[in-house]
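Trainee: First the structure, which I've put down as structure tokens, then a few questions once you've had a look.
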Amino acid sequence: MLTPEEIRLVGQSRSFLDLMDQVSAVAPLERPVLLIGERGTGKELIAARLHFLSRRWGERLVKLNCAAIPETLIESELFGYEPGAFTGATRRRAGRFEMADGGTLFLDEISTMSMAAQEKLLRIIEYGQFERVGGNETVTVNVRIIGAANVDLPALADAGGFRHDLLDRLAFDVLTLPPLRARRSDIMVLAAVFASAIAQDLGWQVFPGFTPGAEQELLDYPWPGNVRELRNVVERSVYRAAEAEKEPISELVFDPFESPWRPQPAQRSGAVEQVAEAGAGEPAKFSPSAAAPLDIREAMAGLEKKLLEEALTANRFNQRDTAAHLSLSYDQLRHALKKHQLVG
């Protein structure tokens, strides 16, 4: 039976096969590699393939999502810490680099790493050495680094958000993963694999396939979430059709939140609505006789969220372009998006 990694690394399109050729060529080399691609394109799976095709395949593959770790903790996660380094540090703790010694360290969302952590990472790449947080003992490791990002790293470096010298060290080679919309001939291949796997989990004797209409819907959908979203849609649609085991799947469930009883956004006061609906053009006009009192903080938050949503849409959800469009740094944009729950 196929592993999840083997299932999702399936394809026959030219762009996918070219990527696999690049992976096979660079995997045996003891050099850093950068993986660039949209969410859901399989960066973590490509990192695993690079590891298992290398001479380090028998050692550990250690993973860290840099965006999931607060800036104040990223250094202790990467490099470990000594007792007394900070409140609660009662004993020595090894970091991800020590865990990965002899193997591979995959750093996802590397673009979110703090400048201080970037400086230490640069030293490790150059000398293979670092100090734990709160310590002065030099630790020597032999780790291959694979970094991943979904942003334009050279542009981020030009904007001061990433070290140019670190980018030079990491970019021995850069593999750019094609989005699913550029792999149209792979969509039905992947859909069949995902559907067959969940049909087996459901105890079906055989997967009956999709109707022509459903196949066309799968091919026409833009897949902003790429292969991960395709897998969710296919598996969700198959399991919801569990009573129709012998009939081809005709209904696809793209949005699991869709429901006639879906909660609606809370109604806002007329004055607040005027501010939220005001775009970047004329300022909102308020009636002095408005019955509802104006909450300026709520009004400004609504306007800020609306401007963010419009800018994201106008820039096709490319966060780097959106930040430039709004005259913000990448970090400022990420903070604003998280504040308004527009990103996970």
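Ligands are numbered from 1 in the order shown, chains are lettered A, B, ... in the order of the structure tokens, and residues start at 1 in each chain.
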Counting only C-alpha atoms, what is within 10 Å of stretch 161-163 of chain A, bar same-chain residues fewer than 6 positions away, as number ranges by chain?

Mentor: A: 110-115, 118-119, 122, 153-155, 329-331

Trainee: For stretch 186-199 of chain A, work out the shell of residues within 7 Å, counting only C-alpha atoms and skipping chain neighbours fewer than 2 positions away, then give it as a ChimeraX atom specification.

Mentor: /A:7,10-13,183-184,201-204,207,219,231,234-235,238

Trainee: Dump N, CA and C atoms for the selected residues as a PDB file, in the first residue's frame?

Mentor:
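Writing the result to again_21.pdb gives the following:
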ATOM      1  N   ILE A   7       1.708   8.714  -2.272  1.00  0.00           N
ATOM      2  CA  ILE A   7       0.428   9.057  -2.889  1.00  0.00           C
ATOM      3  C   ILE A   7       0.477  10.469  -3.446  1.00  0.00           C
ATOM      4  N   VAL A  10       2.616  12.029  -6.961  1.00  0.00           N
ATOM      5  CA  VAL A  10       2.170  11.329  -8.161  1.00  0.00           C
ATOM      6  C   VAL A  10       1.901  12.371  -9.225  1.00  0.00           C
ATOM      7  N   GLY A  11       2.303  12.086 -10.448  1.00  0.00           N
ATOM      8  CA  GLY A  11       2.019  13.018 -11.526  1.00  0.00           C
ATOM      9  C   GLY A  11       2.642  12.566 -12.826  1.00  0.00           C
ATOM     10  N   GLN A  12       2.146  13.123 -13.898  1.00  0.00           N
ATOM     11  CA  GLN A  12       2.664  12.801 -15.224  1.00  0.00           C
ATOM     12  C   GLN A  12       2.883  14.049 -16.084  1.00  0.00           C
ATOM     13  N   SER A  13       2.553  15.212 -15.523  1.00  0.00           N
ATOM     14  CA  SER A  13       2.721  16.453 -16.278  1.00  0.00           C
ATOM     15  C   SER A  13       4.205  16.751 -16.465  1.00  0.00           C
ATOM     16  N   ARG A 183      -0.428  21.993 -13.497  1.00  0.00           N
ATOM     17  CA  ARG A 183      -0.284  20.538 -13.662  1.00  0.00           C
ATOM     18  C   ARG A 183      -1.643  19.933 -13.992  1.00  0.00           C
ATOM     19  N   ARG A 184      -2.355  20.546 -14.927  1.00  0.00           N
ATOM     20  CA  ARG A 184      -3.748  20.162 -15.181  1.00  0.00           C
ATOM     21  C   ARG A 184      -3.883  18.677 -15.506  1.00  0.00           C
ATOM     22  N   ASP A 201     -10.530   2.732   2.676  1.00  0.00           N
ATOM     23  CA  ASP A 201     -10.759   2.960   4.100  1.00  0.00           C
ATOM     24  C   ASP A 201     -12.223   2.761   4.467  1.00  0.00           C
ATOM     25  N   LEU A 202     -13.136   3.090   3.536  1.00  0.00           N
ATOM     26  CA  LEU A 202     -14.563   2.948   3.786  1.00  0.00           C
ATOM     27  C   LEU A 202     -15.051   1.512   3.593  1.00  0.00           C
ATOM     28  N   GLY A 203     -14.150   0.646   3.137  1.00  0.00           N
ATOM     29  CA  GLY A 203     -14.528  -0.757   2.942  1.00  0.00           C
ATOM     30  C   GLY A 203     -15.172  -1.055   1.604  1.00  0.00           C
ATOM     31  N   TRP A 204     -15.042  -0.109   0.643  1.00  0.00           N
ATOM     32  CA  TRP A 204     -15.618  -0.347  -0.676  1.00  0.00           C
ATOM     33  C   TRP A 204     -14.791  -1.401  -1.416  1.00  0.00           C
ATOM     34  N   PHE A 207     -13.583   1.647  -6.295  1.00  0.00           N
ATOM     35  CA  PHE A 207     -14.038   3.027  -6.444  1.00  0.00           C
ATOM     36  C   PHE A 207     -14.725   3.167  -7.800  1.00  0.00           C
ATOM     37  N   LEU A 219     -11.394  19.719 -13.056  1.00  0.00           N
ATOM     38  CA  LEU A 219     -10.426  20.289 -13.984  1.00  0.00           C
ATOM     39  C   LEU A 219     -10.534  21.804 -14.082  1.00  0.00           C
ATOM     40  N   ARG A 231      -6.957  16.930  -2.366  1.00  0.00           N
ATOM     41  CA  ARG A 231      -7.152  15.716  -1.566  1.00  0.00           C
ATOM     42  C   ARG A 231      -8.345  15.868  -0.621  1.00  0.00           C
ATOM     43  N   VAL A 234     -11.687  15.749  -2.690  1.00  0.00           N
ATOM     44  CA  VAL A 234     -11.984  14.401  -3.185  1.00  0.00           C
ATOM     45  C   VAL A 234     -12.409  13.479  -2.040  1.00  0.00           C
ATOM     46  N   GLU A 235     -11.636  13.442  -0.974  1.00  0.00           N
ATOM     47  CA  GLU A 235     -11.956  12.541   0.132  1.00  0.00           C
ATOM     48  C   GLU A 235     -13.287  12.910   0.775  1.00  0.00           C
ATOM     49  N   VAL A 238     -16.157  11.784  -1.563  1.00  0.00           N
ATOM     50  CA  VAL A 238     -16.346  10.333  -1.602  1.00  0.00           C
ATOM     51  C   VAL A 238     -17.023   9.843  -0.327  1.00  0.00           C
TER      52      VAL A 238
END

Trainee: Find the spatial neighbours of stretch 316-320 of chain A, counting only C-alpha atoms, within a cut-off of 8 Å - ignore same-chain residues fewer than 4 positions away - and output them as a list in words.

Mentor: Val151, Asp152, Leu156, Leu312, Ala324, Tyr330 and Leu333 of chain A

Trainee: Any idea what's packed within 9 Å of stretch 146-149 of chain A, counting only C-alpha atoms, ignoring anything in its chain fewer than 5 positions away? Could you give it as a PyMOL selection string?

Mentor: chain A and resi 31-38+43-44+47+50+104-112+170

Trainee: Using only C-alpha atoms, please write the residues we just selected to a file, as a short mmCIF file (atom, residue, chain, number, x, y, z; two decimals), in the first residue's frame.

Mentor:
data_model
loop_
_atom_site.label_atom_id
_atom_site.label_comp_id
_atom_site.auth_asym_id
_atom_site.auth_seq_id
_atom_site.Cartn_x
_atom_site.Cartn_y
_atom_site.Cartn_z
CA ARG A 31 24.47 21.20 -0.14
CA PRO A 32 21.60 23.38 1.15
CA VAL A 33 18.48 23.53 -1.01
CA LEU A 34 15.60 26.01 -1.06
CA LEU A 35 12.05 24.95 -1.93
CA ILE A 36 9.75 27.72 -3.14
CA GLY A 37 6.06 27.19 -3.76
CA GLU A 38 2.50 28.07 -2.85
CA LYS A 43 7.22 21.33 -0.10
CA GLU A 44 7.48 19.07 2.96
CA ALA A 47 12.08 17.78 1.42
CA LEU A 50 15.53 14.91 -0.97
CA THR A 104 18.75 16.72 7.48
CA LEU A 105 16.94 19.70 8.98
CA PHE A 106 13.88 20.98 7.11
CA LEU A 107 13.06 24.60 7.96
CA ASP A 108 9.60 25.45 6.64
CA GLU A 109 8.47 29.11 6.37
CA ILE A 110 12.12 30.13 6.72
CA SER A 111 11.23 33.66 5.62
CA THR A 112 9.62 34.30 9.05
CA LEU A 170 21.07 28.63 1.25
#

Trainee: Quick one: residues within 9 Å of A:Ser24, only C-alpha atoms, excluding same-chain residues fewer than 6 positions away - as a PyMOL selection string?

Mentor: chain A and resi 49-50+53-54

Trainee: Would you mind writing down, as a PyMOL selection string, each residue of stretch 185-238 of chain A that DSSP on the backbone assigns to helix (DSSP H, G or I)?

Mentor: chain A and resi 185-201+212-220+226-238

Trainee: Mind listing the strand (DSSP E or B) residues of stretch 92-315 of chain A, per DSSP on the backbone, as JSON, numbers by chain?

Mentor: {"A": [93, 104, 105, 106, 107, 108, 129, 130, 131, 133, 138, 139, 140, 144, 145, 146, 147, 148, 149, 173, 174, 175, 176, 210, 249]}

Trainee: For those residues, write C-alpha atoms to a file as a compact mmCIF listing (two decimals), in the first residue's frame.

Mentor:
# COMPACT_ATOMS: atom_id res chain seq x y z
CA ARG A 93 17.69 20.95 26.17
CA THR A 104 18.75 16.72 7.48
CA LEU A 105 16.94 19.70 8.98
CA PHE A 106 13.88 20.98 7.11
CA LEU A 107 13.06 24.60 7.96
CA ASP A 108 9.60 25.45 6.64
CA GLN A 129 29.07 25.50 14.92
CA PHE A 130 26.79 27.35 17.33
CA GLU A 131 26.18 27.99 21.04
CA VAL A 133 20.94 29.87 24.28
CA THR A 138 30.61 25.66 21.08
CA VAL A 139 28.58 22.79 19.64
CA THR A 140 29.68 21.28 16.32
CA ARG A 144 22.13 19.41 5.72
CA ILE A 145 19.62 22.26 5.59
CA ILE A 146 16.55 22.35 3.37
CA GLY A 147 14.59 25.59 3.59
CA ALA A 148 11.12 26.33 2.27
CA ALA A 149 9.11 29.50 1.69
CA ASP A 173 19.97 25.37 -5.77
CA VAL A 174 16.37 26.48 -5.69
CA LEU A 175 13.50 24.17 -6.61
CA THR A 176 10.30 26.01 -7.46
CA PHE A 210 -16.45 10.31 -11.18
CA ILE A 249 -19.33 10.44 -7.73

Trainee: Quick one, how far is atom CA of A:Ser76 from atom CA of A:Leu64?

Mentor: 12.2 Å

Trainee: So which one's closest to A:Asn65, A:Arg96, A:Phe79, A:Pro179, A:Val141? Using only C-alpha atoms, please.

Mentor: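 Closest to A:Asn65 of all the choices is A:Arg96.
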
Trainee: Excluding stretch 251-254 of chain A and residues on its chain fewer than 5 positions from it, collect all residues at most 9 Å away from it, counting only C-alpha atoms, and give them as a PyMOL selection string.

Mentor: chain A and resi 210-211+213-214+217-218+229-230+232-234+236-238+240-241

Trainee: Point out the residue among A:Leu61, A:Cys66, A:Leu308, A:Ile125 with the least atom-to-atom distance to A:Gly102, counting only C-alpha atoms.

Mentor: A:Leu61
